[in-house]
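Structure below is start_27.tsv: TSV, C-alpha atoms.
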chain	number	residue	atom	x	y	z
P	292	MET	CA	-10.48	16.61	4.80
P	293	VAL	CA	-13.67	16.53	2.77
P	294	PRO	CA	-15.85	19.53	3.71
P	295	THR	CA	-19.27	18.76	5.12
P	296	SER	CA	-20.86	21.81	3.56
P	297	GLU	CA	-22.52	21.27	0.20
P	298	THR	CA	-20.89	24.42	-1.12
P	299	ALA	CA	-17.45	24.18	0.40
P	300	VAL	CA	-14.60	23.96	-2.06
P	301	LEU	CA	-12.79	20.63	-2.12
P	302	THR	CA	-9.11	20.74	-1.35
P	303	SER	CA	-6.51	19.61	-3.83
P	304	PHE	CA	-5.49	16.95	-1.32
P	305	ASP	CA	-8.99	15.50	-1.18
P	306	ILE	CA	-9.35	15.49	-4.94
P	307	ALA	CA	-6.04	13.68	-5.43
P	308	TYR	CA	-6.69	11.29	-2.55
P	309	PHE	CA	-10.06	10.19	-3.87
P	310	ARG	CA	-8.77	9.87	-7.41
P	311	GLN	CA	-6.08	7.50	-6.21
P	312	GLN	CA	-8.47	5.67	-3.91
P	313	LEU	CA	-10.86	5.00	-6.79
P	314	ARG	CA	-7.98	3.76	-8.92
P	315	ASN	CA	-6.82	1.47	-6.12
P	316	ARG	CA	-10.30	0.13	-5.41
P	317	VAL	CA	-11.00	-0.77	-9.02
P	318	PHE	CA	-7.57	-2.39	-9.27
P	319	GLU	CA	-8.28	-4.36	-6.13
P	320	ALA	CA	-11.60	-5.59	-7.50
P	321	VAL	CA	-10.07	-6.75	-10.77
P	322	ILE	CA	-7.09	-8.38	-9.06
P	323	ALA	CA	-9.33	-10.19	-6.61
P	324	TYR	CA	-11.45	-11.51	-9.47
P	325	PHE	CA	-8.37	-12.66	-11.34
P	326	ALA	CA	-7.03	-14.40	-8.22
P	327	ASP	CA	-10.34	-16.16	-7.70
P	328	ARG	CA	-10.50	-17.35	-11.31
P	329	ALA	CA	-6.88	-18.43	-11.22
P	330	ALA	CA	-7.46	-20.48	-8.08
P	331	ALA	CA	-10.76	-21.97	-9.21
P	332	PHE	CA	-10.22	-22.49	-12.92
P	333	GLY	CA	-6.52	-22.07	-13.54
P	334	LEU	CA	-6.88	-18.78	-15.38
P	335	THR	CA	-3.49	-17.38	-16.36
P	336	LYS	CA	-2.10	-14.09	-17.55
P	337	ALA	CA	-1.07	-15.87	-20.73
P	338	ALA	CA	-4.67	-16.87	-21.37
P	339	ILE	CA	-5.82	-13.29	-20.92
P	340	ALA	CA	-3.06	-12.10	-23.23
P	341	ALA	CA	-4.05	-14.62	-25.88
P	342	LYS	CA	-7.68	-13.55	-25.74
P	343	LEU	CA	-6.73	-9.91	-26.14
P	344	GLY	CA	-4.07	-10.55	-28.75
P	345	LYS	CA	-1.41	-8.99	-26.55
P	346	GLU	CA	1.93	-10.06	-25.17
P	347	PRO	CA	1.80	-11.75	-21.74
P	348	SER	CA	4.24	-9.13	-20.47
P	349	GLN	CA	1.59	-6.48	-21.15
P	350	ILE	CA	-0.90	-8.31	-18.95
P	351	THR	CA	1.75	-8.73	-16.26
P	352	ARG	CA	2.32	-4.98	-16.30
P	353	TRP	CA	-1.41	-4.29	-16.11
P	354	LEU	CA	-1.89	-6.64	-13.19
P	355	ALA	CA	1.10	-5.21	-11.35
P	356	GLY	CA	-0.59	-1.93	-10.55
P	357	PRO	CA	-3.25	0.52	-11.67
P	358	GLY	CA	-0.83	3.26	-12.63
P	359	ASN	CA	-1.54	3.34	-16.33
P	360	TRP	CA	-5.07	1.98	-16.33
P	361	THR	CA	-7.77	3.60	-18.37
P	362	LEU	CA	-11.42	2.62	-18.50
P	363	ASP	CA	-10.55	0.70	-21.66
P	364	THR	CA	-7.89	-1.27	-19.78
P	365	ILE	CA	-10.45	-2.30	-17.20
P	366	SER	CA	-12.93	-3.29	-19.86
P	367	ASP	CA	-10.35	-5.36	-21.72
P	368	LEU	CA	-9.18	-7.22	-18.64
P	369	LEU	CA	-12.69	-7.97	-17.46
P	370	LEU	CA	-13.89	-9.07	-20.87
P	371	ALA	CA	-10.95	-11.42	-21.18
P	372	MET	CA	-12.00	-12.92	-17.85
P	373	ASP	CA	-15.64	-13.19	-18.97
P	374	ALA	CA	-16.59	-10.55	-16.46
P	375	GLU	CA	-17.94	-7.04	-16.31
P	376	LEU	CA	-18.06	-4.24	-13.78
P	377	GLU	CA	-21.25	-3.43	-11.94
P	378	PRO	CA	-20.84	0.20	-10.88
P	379	VAL	CA	-22.75	1.40	-7.84
P	380	VAL	CA	-22.65	5.06	-6.92
P	381	MET	CA	-23.54	5.96	-3.37
P	382	PRO	CA	-23.33	8.96	-1.07
P	383	LEU	CA	-19.99	9.45	0.57
P	384	ASN	CA	-20.00	7.74	3.94
P	385	GLU	CA	-19.53	10.14	6.84
P	386	GLU	CA	-16.65	7.96	7.89
P	387	TYR	CA	-14.82	8.97	4.75
P	388	ARG	CA	-15.14	12.59	5.66
P	389	ALA	CA	-12.68	12.01	8.45
P	390	THR	CA	-8.98	12.08	7.87
P	391	PRO	CA	-8.28	8.77	6.13
P	392	LEU	CA	-5.56	7.84	8.56
P	393	THR	CA	-8.00	7.99	11.46
P	394	ARG	CA	-10.63	5.68	10.03
P	395	THR	CA	-11.55	2.98	12.46
P	396	ASN	CA	-10.93	-0.63	11.74
P	397	ALA	CA	-14.67	-1.23	11.81
P	398	ASP	CA	-14.76	-0.52	8.10
P	399	MET	CA	-11.70	-2.57	7.44
P	400	PRO	CA	-12.90	-6.12	7.82
P	401	LEU	CA	-9.81	-8.04	6.87
P	402	ARG	CA	-6.66	-6.32	7.89
P	403	ARG	CA	-7.12	-6.54	11.64
P	404	ALA	CA	-4.58	-7.45	14.21
P	405	ASP	CA	-4.79	-10.75	15.98
P	406	ALA	CA	-7.00	-9.85	18.92
P	407	SER	CA	-4.86	-11.88	21.28
P	408	THR	CA	-1.83	-9.66	20.84
P	409	THR	CA	-0.99	-6.65	22.92
P	410	ALA	CA	-0.64	-4.59	19.79
P	411	ALA	CA	-4.16	-5.49	18.77
P	412	LYS	CA	-5.60	-4.01	21.89
P	413	SER	CA	-4.21	-0.65	21.00
P	414	SER	CA	-4.79	-0.85	17.27
P	415	GLU	CA	-8.39	0.26	17.12
P	416	LYS	CA	-7.35	3.05	14.81
P	417	PHE	CA	-4.91	3.66	12.03
P	418	GLN	CA	-2.92	6.07	14.09
P	419	ILE	CA	0.20	8.00	14.80
P	420	LEU	CA	2.88	6.51	16.97
P	421	ALA	CA	4.32	8.34	19.94
P	422	THR	CA	8.06	8.47	19.78
P	423	GLY	CA	8.72	9.99	23.14
P	424	THR	CA	10.66	12.77	21.52
L	90	MET	CA	-1.21	0.50	10.42
L	91	TYR	CA	0.72	2.88	12.56
L	92	VAL	CA	2.76	5.76	11.23
L	93	THR	CA	5.43	7.83	12.90
L	94	PRO	CA	4.69	11.50	13.58
L	95	GLU	CA	7.29	12.45	10.99
L	96	LEU	CA	5.60	10.38	8.33
L	97	TYR	CA	2.20	11.71	9.31
L	98	ARG	CA	3.46	15.26	8.96
L	99	ALA	CA	4.97	14.43	5.60
L	100	LEU	CA	1.58	13.23	4.44
L	101	TYR	CA	-0.64	15.95	5.83
L	102	ASP	CA	1.36	19.10	6.49
L	103	PRO	CA	0.69	21.89	3.99
L	104	LYS	CA	2.76	21.61	0.83
L	105	PRO	CA	4.19	24.48	-1.19
L	106	THR	CA	3.19	23.20	-4.62
L	107	GLU	CA	0.15	21.59	-6.18
L	108	TRP	CA	2.37	18.79	-7.42
L	109	GLU	CA	3.48	17.90	-3.89
L	110	ILE	CA	-0.08	18.07	-2.60
L	111	ASP	CA	-1.18	15.67	-5.31
L	112	ARG	CA	1.71	13.24	-4.83
L	113	PHE	CA	1.38	12.97	-1.06
L	114	ALA	CA	-2.40	12.68	-1.22
L	115	ARG	CA	-1.95	9.73	-3.58
L	116	LEU	CA	0.67	8.31	-1.23
L	117	ALA	CA	-1.85	8.54	1.63
L	118	ALA	CA	-4.41	6.72	-0.51
L	119	ASP	CA	-1.85	4.05	-1.33
L	120	LEU	CA	-1.07	3.59	2.36
L	121	ALA	CA	-4.77	3.20	3.09
L	122	VAL	CA	-4.80	0.18	0.78
L	123	PHE	CA	-3.02	-1.76	3.50
L	124	VAL	CA	-5.81	-1.02	5.91
L	125	ARG	CA	-8.90	-1.40	3.82
L	126	ALA	CA	-8.20	-3.48	0.72
L	127	MET	CA	-9.49	-7.04	0.65
L	128	ASN	CA	-6.39	-8.22	-1.17
L	129	ILE	CA	-2.71	-7.33	-1.08
L	130	VAL	CA	-0.39	-8.03	-4.01
L	131	PRO	CA	3.40	-8.48	-4.08
L	132	GLN	CA	3.83	-5.38	-6.17
L	133	TYR	CA	2.42	-3.40	-3.26
L	134	LEU	CA	4.13	-4.96	-0.25
L	135	HIS	CA	7.60	-6.44	-0.37
L	136	ARG	CA	10.13	-7.60	2.18
L	137	LEU	CA	13.61	-6.25	1.74
L	138	ALA	CA	16.67	-8.47	1.77
L	139	PRO	CA	18.41	-9.55	3.86
L	140	ARG	CA	15.69	-11.22	5.87
L	141	ARG	CA	17.46	-10.57	9.17
L	142	ASP	CA	16.61	-6.87	8.82
L	143	ARG	CA	12.86	-7.63	8.97
L	144	VAL	CA	12.21	-4.44	7.01
L	145	TRP	CA	9.38	-4.23	4.49
L	146	GLU	CA	8.43	-1.65	1.90
L	147	ILE	CA	5.10	-0.45	0.61
L	148	ARG	CA	5.40	0.80	-2.93
L	149	SER	CA	3.63	3.89	-4.19
L	150	LEU	CA	4.39	3.66	-7.88
L	151	GLU	CA	2.41	6.41	-9.56
L	152	PRO	CA	2.85	9.15	-10.46
L	153	GLU	CA	6.60	9.51	-10.69
L	154	PRO	CA	8.66	9.81	-8.62
L	155	GLN	CA	7.97	6.47	-7.00
L	156	ILE	CA	7.87	6.51	-3.21
L	157	ARG	CA	8.74	3.74	-0.79
L	158	ILE	CA	7.30	3.52	2.70
L	159	LEU	CA	9.56	1.47	4.93
L	160	GLY	CA	8.46	-0.29	8.07
L	161	LEU	CA	8.28	-3.46	10.11
L	162	PHE	CA	5.53	-5.74	11.38
L	163	ALA	CA	4.65	-5.70	15.08
L	164	ALA	CA	2.02	-8.42	14.65
L	165	LYS	CA	-0.15	-9.89	11.95
L	166	ASN	CA	-1.81	-6.99	10.12
L	167	VAL	CA	0.00	-4.45	12.29
L	168	PHE	CA	2.50	-2.57	10.16
L	169	ILE	CA	4.67	0.12	11.70
L	170	ALA	CA	5.46	2.61	8.95
L	171	THR	CA	8.65	4.37	9.94
L	172	HIS	CA	9.42	6.76	7.10
L	173	TYR	CA	9.34	7.33	3.35
L	174	GLU	CA	12.01	7.50	0.70
L	175	LEU	CA	11.97	8.62	-2.91
L	176	ARG	CA	12.88	5.55	-4.94
L	177	GLU	CA	15.20	7.55	-7.16
L	178	ASN	CA	17.29	8.51	-4.11
L	179	LEU	CA	17.79	4.90	-3.03
L	180	GLY	CA	19.74	3.84	-6.07
L	181	VAL	CA	20.77	0.26	-6.73
L	182	PHE	CA	19.48	-2.19	-4.15
L	183	ASP	CA	21.70	-2.72	-1.13
L	184	ARG	CA	24.00	0.06	-2.05
L	185	PRO	CA	24.41	2.83	0.53
L	186	GLY	CA	21.06	4.48	-0.21
L	187	TRP	CA	19.11	1.36	0.60
L	188	ARG	CA	21.29	0.37	3.52
L	189	ILE	CA	20.88	3.74	5.15
L	190	ALA	CA	17.11	3.60	4.60
L	191	LYS	CA	16.87	0.14	6.16
L	192	ARG	CA	19.04	1.17	9.08
L	193	ARG	CA	16.82	4.17	9.63
L	194	ALA	CA	13.73	1.97	9.67
L	195	ALA	CA	15.35	-0.35	12.19
L	196	ALA	CA	16.48	2.58	14.32
L	197	GLU	CA	12.95	4.02	14.36
L	198	TRP	CA	11.65	0.64	15.45
L	199	ARG	CA	14.17	0.38	18.30
L	200	LYS	CA	13.29	3.89	19.40
L	201	LEU	CA	9.60	3.03	19.49
L	202	PHE	CA	9.73	-0.51	20.85
L	203	PRO	CA	13.11	-0.96	22.56
L	204	PRO	CA	12.37	-4.32	24.20
L	205	TYR	CA	10.60	-5.94	21.26
L	206	ASP	CA	11.71	-7.45	17.97
L	207	ALA	CA	9.77	-7.06	14.75
L	208	ARG	CA	8.02	-10.11	13.38
L	209	PRO	CA	10.56	-12.30	11.54
L	210	GLU	CA	8.30	-14.23	9.17
L	211	THR	CA	8.80	-14.13	5.45
L	212	ASP	CA	5.56	-16.01	4.74
L	213	ILE	CA	3.18	-13.23	3.82
L	214	HIS	CA	0.16	-15.16	5.00
L	215	GLN	CA	1.53	-15.13	8.53
L	216	LEU	CA	1.71	-11.35	8.42
L	217	VAL	CA	-1.13	-10.08	6.26
L	218	THR	CA	-4.67	-11.26	5.76
L	219	GLY	CA	-5.90	-11.43	2.18
L	220	ALA	CA	-2.50	-11.59	0.51
L	221	ILE	CA	-2.64	-12.97	-3.00
L	222	ASP	CA	-0.07	-15.69	-3.60
L	223	GLY	CA	3.11	-14.38	-5.11
L	224	THR	CA	6.69	-13.46	-4.41
L	225	TYR	CA	6.80	-11.02	-1.51
L	226	PHE	CA	10.41	-11.67	-0.70
L	227	ARG	CA	13.46	-12.53	-2.72
L	228	ASP	CA	16.50	-13.57	-0.72
L	229	ARG	CA	18.95	-12.00	-3.07
L	230	ARG	CA	20.87	-8.83	-3.48
L	231	ALA	CA	19.42	-7.68	-6.78
L	232	HIS	CA	16.28	-5.61	-6.47

Mind turning the file's structure into structure tokens?
Amino acid sequence: MVPTSETAVLTSFDIAYFRQQLRNRVFEAVIAYFADRAAAFGLTKAAIAAKLGKEPSQITRWLAGPGNWTLDTISDLLLAMDAELEPVVMPLNEEYRATPLTRTNADMPLRRADASTTAAKSSEKFQILATGT
Amino acid sequence: MYVTPELYRALYDPKPTEWEIDRFARLAADLAVFVRAMNIVPQYLHRLAPRRDRVWEIRSLEPEPQIRILGLFAAKNVFIATHYELRENLGVFDRPGWRIAKRRAAAEWRKLFPPYDARPETDIHQLVTGAIDGTYFRDRRAH
């Protein structure tokens, strides 16, 4: 995965992975904000569409996934929700230098197994299953 | 999330082309959403009909071709990802392409956990923390 050396060349896999991760994280932030506003104040996709002078179907497509998002898309959606992005750039956590699929659940606060289940006891990591084959 | 060795190899084994490297890296990032995102949306995680199959899909939509990760829930927040399929190869929902894919997911499950059934719930909040309200399951044939 991501080289630890300052001069090591990044792999194509890492570059693509982190591009998609950034896209997904921004999408998640916007979606979460929309869900909060919808629950608290009844914000709707139609209201966002009206503010932006677009068809509601366009907003539905935007909120369905980050595939076609540009920075302008993000700005438009946030502005229509009376919000803005507060970017914070920080050094890459050492944890992220590990293979993504082996990150521990310690950094994943929500999606944890119910600790009372048998599966939970063996789910400390996002890991590969043994098939016995 | 747990993935089968076959799926893990599909994600991380060396690929012959830059395009494949890019697509599977993005698929890996999309899978990681299940583990680390605060919220899950219906466009990302969807239960496949019929409900008796207990098979779910995670959708990796971009770039084309779309990819589907099939799997079943062992417990709340514990998704067993069995394998992937290119959406374009699955065809119309519940035609042979989909049926074979769902049967494969179920077969992988039985191979891994012979004595245990997958979680049967269709209520997303019983299976995933942080799910945004929406339609995660449609009990119909069209897809």

Chain L residues near chain P (6 Å cut-off, only C-alpha atoms) as an NGL selection string: :L and (90-94 or 110-111 or 114-115 or 118 or 124-125 or 132 or 151 or 165-167 or 201 or 218)

Point-to-point distance from CA of Glu95 (chain L) to CA of Ala170 (chain L), Å rounded to tenths: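 CA of Ala170 (chain L) lies at a distance of 10.2 Å from CA of Glu95 (chain L).
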
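In this model, the gap between CA of Val144 (chain L) and CA of Arg98 (chain L) comes to 21.6 Å.
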
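Straight-line separation from CA of Tyr101 (chain L) to CA of Leu301 (chain P): 15.3 Å.
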
Residue neighbourhood region 189-195 of chain L, 9 Å, all atoms listed in the file, exclusion window fewer than 4 positions, as number ranges by chain: L: 137, 142-145, 159-161, 170-174, 179, 184-185, 199-200

Using C-alpha atoms, can you write the selected residues to a file as a short mmCIF file (atom, residue, chain, number, x, y, z; two decimals), in the coordinates of the input?
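File again-v2.cif, as written:
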data_model
loop_
_atom_site.label_atom_id
_atom_site.label_comp_id
_atom_site.auth_asym_id
_atom_site.auth_seq_id
_atom_site.Cartn_x
_atom_site.Cartn_y
_atom_site.Cartn_z
CA LEU L 137 13.61 -6.25 1.74
CA ASP L 142 16.61 -6.87 8.82
CA ARG L 143 12.86 -7.63 8.97
CA VAL L 144 12.21 -4.44 7.01
CA TRP L 145 9.38 -4.23 4.49
CA LEU L 159 9.56 1.47 4.93
CA GLY L 160 8.46 -0.29 8.07
CA LEU L 161 8.28 -3.46 10.11
CA ALA L 170 5.46 2.61 8.95
CA THR L 171 8.65 4.37 9.94
CA HIS L 172 9.42 6.76 7.10
CA TYR L 173 9.34 7.33 3.35
CA GLU L 174 12.01 7.50 0.70
CA LEU L 179 17.79 4.90 -3.03
CA ARG L 184 24.00 0.06 -2.05
CA PRO L 185 24.41 2.83 0.53
CA ARG L 199 14.17 0.38 18.30
CA LYS L 200 13.29 3.89 19.40
#

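Of the listed residues (P:Thr351, P:Tyr324, P:Asp363, P:Ala371), P:Ala371 comes nearest to Ile339 (chain P); the distances count all atoms listed in the file.
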
Nearest candidate to Ser366 (chain P) (options P:Thr335, P:Arg352, P:Phe318, P:Asn384; using only C-alpha atoms):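 Among the listed residues, the smallest separation from Ser366 (chain P) belongs to P:Phe318.
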
Box time for region 92-110 of chain L: axis-aligned, enclosing all its listed atoms, 8 Å extra on each side; report centre and edge lengths in Å to one decimal, as lines of an AutoDock Vina configuration file.
center_x = 3.3
center_y = 15.1
center_z = 3.1
size_x = 23.9
size_y = 34.7
size_z = 37.0

Distance criterion (only C-alpha atoms): nearest to Arg208 (chain L) out of L:Tyr97, L:Phe168, L:Phe182, L:Phe226: L:Phe168

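Counting all atoms listed in the file, the residue from P:Gln349, P:Glu375, P:Gly344, P:Val380 that sits nearest to Val321 (chain P) is P:Glu375.
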